[in-house]
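Chemist: Quick one, coords.pdb (PDB, C-alpha atoms):
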```pdb
ATOM      1  CA  MET A   1      35.289  46.827 -37.299
ATOM      2  CA  THR A   2      32.216  49.039 -37.605
ATOM      3  CA  VAL A   3      30.838  50.767 -40.688
ATOM      4  CA  LYS A   4      31.751  54.100 -39.108
ATOM      5  CA  GLU A   5      35.367  52.991 -38.624
ATOM      6  CA  ILE A   6      35.506  51.736 -42.220
ATOM      7  CA  ALA A   7      34.243  55.138 -43.428
ATOM      8  CA  GLU A   8      36.866  56.981 -41.388
ATOM      9  CA  ARG A   9      39.737  54.647 -42.289
ATOM     10  CA  CYS A  10      38.934  54.571 -46.014
ATOM     11  CA  GLY A  11      37.934  58.237 -46.339
ATOM     12  CA  PHE A  12      34.384  57.434 -47.446
ATOM     13  CA  ALA A  13      31.672  60.065 -47.010
ATOM     14  CA  VAL A  14      28.510  59.140 -45.119
ATOM     15  CA  ALA A  15      25.418  59.723 -47.266
ATOM     16  CA  CYS A  16      23.103  58.049 -44.791
ATOM     17  CA  GLY A  17      24.069  56.759 -41.376
ATOM     18  CA  GLY A  18      22.143  56.350 -38.147
ATOM     19  CA  ASP A  19      22.345  53.071 -36.262
ATOM     20  CA  GLY A  20      23.729  51.388 -39.363
ATOM     21  CA  LEU A  21      27.088  53.060 -38.726
ATOM     22  CA  GLU A  22      27.595  50.932 -35.614
ATOM     23  CA  ARG A  23      27.140  47.676 -37.483
ATOM     24  CA  ALA A  24      30.112  45.304 -37.678
ATOM     25  CA  VAL A  25      31.726  44.638 -41.073
ATOM     26  CA  THR A  26      33.347  41.260 -41.661
ATOM     27  CA  GLY A  27      34.042  41.283 -45.406
ATOM     28  CA  VAL A  28      33.726  43.104 -48.704
ATOM     29  CA  PHE A  29      31.828  42.368 -51.908
ATOM     30  CA  CYS A  30      31.781  44.197 -55.274
ATOM     31  CA  CYS A  31      28.925  43.813 -57.780
ATOM     32  CA  ASP A  32      26.444  45.939 -59.735
ATOM     33  CA  LEU A  33      23.962  43.303 -60.830
ATOM     34  CA  LEU A  34      21.383  43.287 -58.072
ATOM     35  CA  SER A  35      20.210  39.710 -58.546
ATOM     36  CA  TRP A  36      23.805  38.552 -58.585
ATOM     37  CA  ALA A  37      24.554  40.505 -55.416
ATOM     38  CA  MET A  38      21.361  39.187 -53.852
ATOM     39  CA  GLY A  39      22.513  35.622 -54.189
ATOM     40  CA  ARG A  40      26.185  36.117 -53.441
ATOM     41  CA  ALA A  41      26.840  39.104 -51.181
ATOM     42  CA  PRO A  42      27.939  37.681 -47.824
ATOM     43  CA  ALA A  43      25.945  38.805 -44.790
ATOM     44  CA  ASP A  44      27.739  41.560 -42.835
ATOM     45  CA  SER A  45      29.864  42.565 -45.824
ATOM     46  CA  ALA A  46      30.493  46.080 -47.133
ATOM     47  CA  TRP A  47      28.829  45.964 -50.543
ATOM     48  CA  ILE A  48      30.523  48.127 -53.184
ATOM     49  CA  THR A  49      28.304  49.147 -56.116
ATOM     50  CA  VAL A  50      27.397  52.031 -58.418
ATOM     51  CA  MET A  51      23.666  51.229 -58.252
ATOM     52  CA  GLY A  52      22.222  54.069 -56.193
ATOM     53  CA  ASN A  53      18.531  53.246 -56.271
ATOM     54  CA  VAL A  54      15.828  52.013 -53.954
ATOM     55  CA  ASN A  55      16.257  48.434 -55.145
ATOM     56  CA  ALA A  56      19.917  48.373 -54.134
ATOM     57  CA  VAL A  57      18.807  49.350 -50.637
ATOM     58  CA  ALA A  58      16.226  46.551 -50.653
ATOM     59  CA  VAL A  59      18.918  44.049 -51.673
ATOM     60  CA  ALA A  60      21.217  45.323 -48.900
ATOM     61  CA  VAL A  61      18.424  44.828 -46.365
ATOM     62  CA  LEU A  62      17.394  41.385 -47.548
ATOM     63  CA  ALA A  63      20.878  40.005 -48.175
ATOM     64  CA  ASP A  64      21.794  41.502 -44.791
ATOM     65  CA  THR A  65      24.942  43.321 -45.893
ATOM     66  CA  ALA A  66      26.520  45.639 -43.319
ATOM     67  CA  CYS A  67      26.364  48.725 -45.560
ATOM     68  CA  LEU A  68      26.277  50.021 -49.115
ATOM     69  CA  VAL A  69      29.340  51.795 -50.515
ATOM     70  CA  LEU A  70      28.665  53.818 -53.674
ATOM     71  CA  ALA A  71      31.863  53.903 -55.724
ATOM     72  CA  GLU A  72      32.880  56.125 -58.653
ATOM     73  CA  ASP A  73      31.026  59.112 -57.159
ATOM     74  CA  ALA A  74      27.734  57.386 -57.882
ATOM     75  CA  VAL A  75      24.816  58.991 -56.062
ATOM     76  CA  MET A  76      21.856  57.516 -54.250
ATOM     77  CA  ASP A  77      18.537  58.956 -55.448
ATOM     78  CA  ASP A  78      16.111  60.502 -52.945
ATOM     79  CA  ALA A  79      13.825  57.474 -52.818
ATOM     80  CA  GLY A  80      16.837  55.289 -52.086
ATOM     81  CA  LEU A  81      18.073  57.567 -49.310
ATOM     82  CA  GLN A  82      14.641  57.669 -47.721
ATOM     83  CA  LYS A  83      14.421  53.896 -47.792
ATOM     84  CA  ALA A  84      17.953  53.518 -46.408
ATOM     85  CA  GLN A  85      17.065  55.893 -43.579
ATOM     86  CA  ALA A  86      13.862  54.019 -42.807
ATOM     87  CA  GLN A  87      15.549  50.619 -42.893
ATOM     88  CA  GLY A  88      18.682  51.654 -40.983
ATOM     89  CA  VAL A  89      21.054  50.949 -43.853
ATOM     90  CA  ALA A  90      24.273  52.973 -43.833
ATOM     91  CA  VAL A  91      25.199  54.355 -47.271
ATOM     92  CA  LEU A  92      28.781  55.506 -47.858
ATOM     93  CA  ARG A  93      30.209  57.297 -50.898
ATOM     94  CA  THR A  94      33.604  57.518 -52.516
ATOM     95  CA  ALA A  95      35.143  58.756 -55.747
ATOM     96  CA  LEU A  96      37.291  55.621 -55.897
ATOM     97  CA  PRO A  97      36.581  53.013 -58.591
ATOM     98  CA  SER A  98      34.864  49.867 -57.303
ATOM     99  CA  PHE A  99      38.029  47.781 -57.195
ATOM    100  CA  ASP A 100      39.981  50.415 -55.260
ATOM    101  CA  ALA A 101      37.101  50.992 -52.854
ATOM    102  CA  GLY A 102      36.900  47.241 -52.231
ATOM    103  CA  LEU A 103      40.645  47.046 -51.773
ATOM    104  CA  ALA A 104      40.540  49.916 -49.270
ATOM    105  CA  VAL A 105      37.923  48.085 -47.196
ATOM    106  CA  HIS A 106      39.823  44.822 -47.453
ATOM    107  CA  THR A 107      43.031  46.510 -46.344
ATOM    108  CA  ALA A 108      41.298  48.198 -43.401
ATOM    109  CA  LEU A 109      39.758  44.912 -42.281
ATOM    110  CA  ALA A 110      43.026  42.998 -42.717
ATOM    111  CA  ALA A 111      44.869  45.590 -40.593
ATOM    112  CA  GLU A 112      42.427  44.793 -37.788
ATOM    113  CA  GLY A 113      42.806  41.061 -38.305
ATOM    114  CA  VAL A 114      39.232  40.654 -39.602
TER     115      VAL A 114
ATOM    116  CA  MET B   1       5.526  28.167 -31.877
ATOM    117  CA  ALA B   2       2.203  26.494 -31.117
ATOM    118  CA  GLN B   3       0.224  27.578 -34.128
ATOM    119  CA  ALA B   4       1.138  28.183 -37.733
ATOM    120  CA  MET B   5       0.924  31.790 -38.917
ATOM    121  CA  THR B   6      -0.253  32.768 -42.374
ATOM    122  CA  PHE B   7       0.467  36.042 -44.145
ATOM    123  CA  THR B   8      -0.836  37.214 -47.503
ATOM    124  CA  TYR B   9       0.624  39.999 -49.601
ATOM    125  CA  THR B  10      -0.384  41.648 -52.843
ATOM    126  CA  VAL B  11       2.597  42.538 -55.034
ATOM    127  CA  PRO B  12       1.831  45.559 -57.221
ATOM    128  CA  GLY B  13       2.840  45.189 -60.853
ATOM    129  CA  ASP B  14       5.434  47.359 -62.588
ATOM    130  CA  ASP B  15       6.358  49.238 -59.383
ATOM    131  CA  PHE B  16       9.994  48.600 -58.571
ATOM    132  CA  THR B  17       9.980  51.032 -55.673
ATOM    133  CA  ARG B  18       7.622  48.792 -53.703
ATOM    134  CA  ALA B  19       9.196  45.457 -54.607
ATOM    135  CA  GLY B  20      10.674  43.958 -51.459
ATOM    136  CA  GLU B  21       7.985  45.158 -49.054
ATOM    137  CA  ALA B  22       6.565  41.654 -48.562
ATOM    138  CA  SER B  23      10.008  40.088 -48.070
ATOM    139  CA  SER B  24      11.019  42.838 -45.626
ATOM    140  CA  SER B  25       7.844  42.282 -43.648
ATOM    141  CA  ILE B  26       8.412  38.508 -43.430
ATOM    142  CA  LYS B  27      12.034  39.088 -42.510
ATOM    143  CA  LYS B  28      10.954  41.254 -39.552
ATOM    144  CA  THR B  29       8.385  38.674 -38.434
ATOM    145  CA  LEU B  30      10.898  35.819 -38.562
ATOM    146  CA  LYS B  31      13.413  37.898 -36.622
ATOM    147  CA  LYS B  32      10.796  38.658 -33.983
ATOM    148  CA  ILE B  33       9.969  34.993 -33.406
ATOM    149  CA  GLY B  34      13.633  34.052 -33.146
ATOM    150  CA  VAL B  35      14.291  32.143 -36.374
ATOM    151  CA  ALA B  36      18.010  31.607 -37.100
ATOM    152  CA  PRO B  37      19.617  34.479 -39.122
ATOM    153  CA  ASP B  38      20.754  32.161 -41.922
ATOM    154  CA  VAL B  39      17.235  30.805 -42.396
ATOM    155  CA  ILE B  40      15.823  34.355 -42.399
ATOM    156  CA  ARG B  41      18.352  35.413 -45.032
ATOM    157  CA  ARG B  42      17.478  32.481 -47.284
ATOM    158  CA  VAL B  43      13.737  33.144 -47.021
ATOM    159  CA  ALA B  44      14.223  36.881 -47.638
ATOM    160  CA  ILE B  45      16.399  36.343 -50.717
ATOM    161  CA  ALA B  46      14.113  33.727 -52.269
ATOM    162  CA  MET B  47      11.003  35.783 -51.644
ATOM    163  CA  TYR B  48      12.505  39.034 -52.927
ATOM    164  CA  GLU B  49      13.573  37.332 -56.146
ATOM    165  CA  GLY B  50      10.002  36.081 -56.495
ATOM    166  CA  GLU B  51       8.608  39.563 -55.917
ATOM    167  CA  ILE B  52      10.922  41.035 -58.519
ATOM    168  CA  ASN B  53       9.914  38.376 -61.034
ATOM    169  CA  MET B  54       6.260  39.203 -60.432
ATOM    170  CA  VAL B  55       6.915  42.920 -60.952
ATOM    171  CA  ILE B  56       9.011  42.433 -64.095
ATOM    172  CA  HIS B  57       7.093  39.701 -65.853
ATOM    173  CA  ALA B  58       3.595  39.270 -64.430
ATOM    174  CA  HIS B  59       2.195  42.711 -63.501
ATOM    175  CA  GLY B  60       2.216  41.660 -59.847
ATOM    176  CA  GLY B  61       0.529  38.826 -57.993
ATOM    177  CA  GLN B  62      -0.196  37.296 -54.599
ATOM    178  CA  ILE B  63       2.203  35.841 -52.043
ATOM    179  CA  THR B  64       1.102  33.610 -49.197
ATOM    180  CA  VAL B  65       3.577  32.696 -46.460
ATOM    181  CA  GLU B  66       2.885  30.036 -43.843
ATOM    182  CA  ILE B  67       5.236  29.894 -40.895
ATOM    183  CA  SER B  68       5.194  26.848 -38.640
ATOM    184  CA  SER B  69       7.679  25.560 -36.087
ATOM    185  CA  ASP B  70       9.282  23.277 -38.688
ATOM    186  CA  GLN B  71       9.135  25.127 -41.987
ATOM    187  CA  ILE B  72       8.350  28.270 -43.906
ATOM    188  CA  ASP B  73       6.206  27.793 -47.002
ATOM    189  CA  MET B  74       5.926  30.508 -49.623
ATOM    190  CA  THR B  75       3.433  30.414 -52.478
ATOM    191  CA  LEU B  76       3.783  33.035 -55.195
ATOM    192  CA  ALA B  77       0.928  33.099 -57.660
ATOM    193  CA  ASP B  78       0.416  35.379 -60.628
ATOM    194  CA  THR B  79      -1.831  35.632 -63.645
ATOM    195  CA  GLY B  80       0.931  36.812 -65.950
ATOM    196  CA  PRO B  81       1.944  35.477 -69.357
ATOM    197  CA  GLY B  82       3.374  32.220 -67.998
ATOM    198  CA  ILE B  83       6.750  30.571 -68.668
ATOM    199  CA  PRO B  84       6.935  28.649 -71.957
ATOM    200  CA  ASN B  85      10.060  26.660 -71.014
ATOM    201  CA  ILE B  86      10.610  26.252 -67.262
ATOM    202  CA  GLU B  87      13.806  24.235 -67.695
ATOM    203  CA  LEU B  88      15.349  27.075 -69.693
ATOM    204  CA  ALA B  89      14.117  29.689 -67.230
ATOM    205  CA  MET B  90      15.831  27.796 -64.398
ATOM    206  CA  GLN B  91      19.234  28.190 -66.037
ATOM    207  CA  GLU B  92      21.504  30.907 -64.622
ATOM    208  CA  GLY B  93      21.850  33.771 -67.085
ATOM    209  CA  TRP B  94      18.675  33.065 -69.052
ATOM    210  CA  SER B  95      16.539  36.190 -69.045
ATOM    211  CA  THR B  96      13.702  37.738 -71.004
ATOM    212  CA  ALA B  97      13.770  40.988 -69.022
ATOM    213  CA  PRO B  98      13.578  44.198 -71.094
ATOM    214  CA  ASP B  99      16.434  46.743 -71.224
ATOM    215  CA  ASP B 100      14.808  49.224 -68.832
ATOM    216  CA  VAL B 101      14.715  46.505 -66.184
ATOM    217  CA  ARG B 102      18.366  45.641 -66.819
ATOM    218  CA  SER B 103      19.327  49.288 -66.341
ATOM    219  CA  LEU B 104      18.003  49.025 -62.765
ATOM    220  CA  GLY B 105      20.397  46.162 -62.060
ATOM    221  CA  PHE B 106      17.936  43.303 -62.543
ATOM    222  CA  GLY B 107      17.317  40.902 -65.392
ATOM    223  CA  ALA B 108      20.567  38.968 -65.029
ATOM    224  CA  GLY B 109      18.760  35.661 -65.257
ATOM    225  CA  MET B 110      19.407  34.853 -61.599
ATOM    226  CA  GLY B 111      15.871  35.046 -60.209
ATOM    227  CA  LEU B 112      14.596  31.477 -60.389
ATOM    228  CA  PRO B 113      18.093  29.943 -59.912
ATOM    229  CA  ASN B 114      18.564  32.033 -56.744
ATOM    230  CA  MET B 115      15.140  30.976 -55.488
ATOM    231  CA  LYS B 116      16.052  27.325 -55.964
ATOM    232  CA  LYS B 117      19.498  27.792 -54.454
ATOM    233  CA  TYR B 118      18.210  29.345 -51.251
ATOM    234  CA  THR B 119      15.248  27.067 -50.560
ATOM    235  CA  ASP B 120      15.037  23.409 -49.584
ATOM    236  CA  GLU B 121      12.183  22.604 -51.953
ATOM    237  CA  MET B 122      10.784  24.467 -54.916
ATOM    238  CA  THR B 123       8.231  23.718 -57.628
ATOM    239  CA  VAL B 124       7.160  25.871 -60.571
ATOM    240  CA  GLU B 125       3.835  25.376 -62.311
ATOM    241  CA  SER B 126       3.131  27.558 -65.287
ATOM    242  CA  THR B 127       0.678  27.718 -68.138
ATOM    243  CA  VAL B 128       1.255  30.139 -70.975
ATOM    244  CA  GLY B 129      -1.491  32.761 -71.022
ATOM    245  CA  VAL B 130      -2.801  31.714 -67.603
ATOM    246  CA  GLY B 131      -0.076  32.349 -65.058
ATOM    247  CA  THR B 132       2.615  30.913 -62.816
ATOM    248  CA  THR B 133       2.663  29.507 -59.300
ATOM    249  CA  VAL B 134       5.952  29.013 -57.476
ATOM    250  CA  ARG B 135       5.982  27.066 -54.210
ATOM    251  CA  MET B 136       9.054  27.220 -51.997
ATOM    252  CA  ARG B 137       9.844  25.649 -48.646
ATOM    253  CA  VAL B 138      12.644  26.409 -46.205
ATOM    254  CA  TYR B 139      13.111  24.188 -43.163
ATOM    255  CA  VAL B 140      13.583  26.073 -39.928
ATOM    256  CA  HIS B 141      15.990  23.541 -38.457
ATOM    257  CA  GLN B 142      18.800  22.755 -40.858
TER     258      GLN B 142
END
```
The structure in this file should be written as C-alpha cells.
Modeler:
Amino acid sequence: MTVKEIAERCGFAVACGGDGLERAVTGVFCCDLLSWAMGRAPADSAWITVMGNVNAVAVAVLADTACLVLAEDAVMDDAGLQKAQAQGVAVLRTALPSFDAGLAVHTALAAEGV
Amino acid sequence: MAQAMTFTYTVPGDDFTRAGEASSSIKKTLKKIGVAPDVIRRVAIAMYEGEINMVIHAHGGQITVEISSDQIDMTLADTGPGIPNIELAMQEGWSTAPDDVRSLGFGAGMGLPNMKKYTDEMTVESTVGVGTTVRMRVYVHQ
C-alpha cells in the first residue's frame, strides 16, 4: 500500500508529497522522542509524531521510514517542509490523536493484508 | 570495490538544522555503490546519533568515514568537554542534555546506546576538558 493510498484511506492531508507519495508502507510506528524513533522506527513504516521540525525529517530519512504523519493537527515548520521536499519525504497531517492515527494506518494496512 | 574511499565532514556546533547532513551524504554514497539497505540504515542511524551528540554537547567536531569492500569505519572526534563517566553515558536513558534540546525531541539518553546497538564494533575514548573520539565499525557483509 502506498503513502498516497494511506492518505486517501485514512483521510490524512498531504503537507508535502512528490515521489514520496508512491512509496510502499509496510507498518506503523508512533513516537515523539526522535532518538527513540531513530533506533526503533521500522524501515518503510508510517511514522506518527507531533514533532514537526527539520530534525524529524532527518530522522525519517535516516531511519528510512516511508513517511511522516503529523498527528493532533501538529504543523511542520517551513525549514522542515523545505527539507522534506528536498529529500523526497512525504509529510501527512491529521487532527487525530497519535493513537487513533496509528490505528487508522494499521487498519488500512490490515484490510489490504499487509 | 577496489579501493577504499575516505570522506571527511565538519559538523557545525549548536546548529540543529544542519545536523544529519554528513549522515545523509554517506547514506547516498553507500546506496550508489550498492551496499545492502540494512547496512546503510545502521550506518546512517549510528552516524546521525553521533552528529547530534556533537551538536548538543561538543560544539561540533570532525567525522571521518572510510568505506572499503568489507567494512565501514566511522571516526567522530570533538574537542568538547569530554565524558566524565563513559559507562554511565552508555546506559539507555542517561542524559545531560539541556531542556531546550529535549524540546526538539532529543536528549532521551539514547545516543550512545543506539550507536552501539547499530554497529558491530564501537569504542569511546574521552578525556574531560580535552574531547571525545568515538570509533564505530559496521561490516558490509553480515
Chemist: Once 8 Å is added on each side, what are the centre and the three edge lengths, in Å to one decimal, of the axis-aligned box enclosing the listed atoms of stretch 20-30 of chain B? Present them as AutoDock Vina command-line options.
Modeler:
```
--center_x 9.3 --center_y 40.5 --center_z -44.9 --size_x 21.5 --size_y 25.3 --size_z 29.0
```
Chemist: Report as a tab-separated table (two decimals) with C-alpha atoms, keeping the file's coordinate frame the residues that result from applying the ChimeraX specification (/A :<8) & /B to the structure here.
Modeler:
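Below you can see out_14.tsv, which holds the result:
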```tsv
chain	number	residue	atom	x	y	z
B	16	PHE	CA	9.99	48.60	-58.57
B	17	THR	CA	9.98	51.03	-55.67
B	19	ALA	CA	9.20	45.46	-54.61
B	20	GLY	CA	10.67	43.96	-51.46
B	23	SER	CA	10.01	40.09	-48.07
B	24	SER	CA	11.02	42.84	-45.63
B	27	LYS	CA	12.03	39.09	-42.51
B	41	ARG	CA	18.35	35.41	-45.03
B	44	ALA	CA	14.22	36.88	-47.64
B	45	ILE	CA	16.40	36.34	-50.72
B	48	TYR	CA	12.50	39.03	-52.93
B	49	GLU	CA	13.57	37.33	-56.15
B	104	LEU	CA	18.00	49.02	-62.76
B	105	GLY	CA	20.40	46.16	-62.06
B	106	PHE	CA	17.94	43.30	-62.54
B	107	GLY	CA	17.32	40.90	-65.39
B	108	ALA	CA	20.57	38.97	-65.03
B	109	GLY	CA	18.76	35.66	-65.26
B	110	MET	CA	19.41	34.85	-61.60
B	111	GLY	CA	15.87	35.05	-60.21
B	114	ASN	CA	18.56	32.03	-56.74
```
Chemist: What gap, in Å, lies between atom CA of A:Leu21 and atom CA of B:Glu21?
Modeler: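 So the answer is 23.1 Å.
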Chemist: Can you measure atom CA of B:Met115 to atom CA of B:Met47 for me? One decimal in Å is fine.
Modeler: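 Value for the atom CA of B:Met115-atom CA of B:Met47 distance: 7.4 Å.
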Chemist: So the first atom is atom CA of A:Gln82 and the second is atom CA of A:Cys16; what is the distance between them in Å, to one decimal place?
Modeler: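 Here the two named atoms are 9.0 Å from each other.
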Chemist: Mind listing whatever residues come within 12 Å of the point (14.8, 28.4, -66.9)? Use all atoms listed in the file, file coordinates, and give them as a PDB file with C-alpha atoms, in the coordinates of the input.
Modeler:
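The new file result-v1.pdb reads:
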```
ATOM      1  CA  ILE B  83       6.750  30.571 -68.668  1.00  0.00           C
ATOM      2  CA  PRO B  84       6.935  28.649 -71.957  1.00  0.00           C
ATOM      3  CA  ASN B  85      10.060  26.660 -71.014  1.00  0.00           C
ATOM      4  CA  ILE B  86      10.610  26.252 -67.262  1.00  0.00           C
ATOM      5  CA  GLU B  87      13.806  24.235 -67.695  1.00  0.00           C
ATOM      6  CA  LEU B  88      15.349  27.075 -69.693  1.00  0.00           C
ATOM      7  CA  ALA B  89      14.117  29.689 -67.230  1.00  0.00           C
ATOM      8  CA  MET B  90      15.831  27.796 -64.398  1.00  0.00           C
ATOM      9  CA  GLN B  91      19.234  28.190 -66.037  1.00  0.00           C
ATOM     10  CA  GLU B  92      21.504  30.907 -64.622  1.00  0.00           C
ATOM     11  CA  GLY B  93      21.850  33.771 -67.085  1.00  0.00           C
ATOM     12  CA  TRP B  94      18.675  33.065 -69.052  1.00  0.00           C
ATOM     13  CA  SER B  95      16.539  36.190 -69.045  1.00  0.00           C
ATOM     14  CA  THR B  96      13.702  37.738 -71.004  1.00  0.00           C
ATOM     15  CA  GLY B 109      18.760  35.661 -65.257  1.00  0.00           C
ATOM     16  CA  MET B 110      19.407  34.853 -61.599  1.00  0.00           C
ATOM     17  CA  GLY B 111      15.871  35.046 -60.209  1.00  0.00           C
ATOM     18  CA  LEU B 112      14.596  31.477 -60.389  1.00  0.00           C
ATOM     19  CA  PRO B 113      18.093  29.943 -59.912  1.00  0.00           C
ATOM     20  CA  ASN B 114      18.564  32.033 -56.744  1.00  0.00           C
ATOM     21  CA  MET B 115      15.140  30.976 -55.488  1.00  0.00           C
ATOM     22  CA  LYS B 116      16.052  27.325 -55.964  1.00  0.00           C
ATOM     23  CA  VAL B 124       7.160  25.871 -60.571  1.00  0.00           C
ATOM     24  CA  SER B 126       3.131  27.558 -65.287  1.00  0.00           C
TER      25      SER B 126
END
```
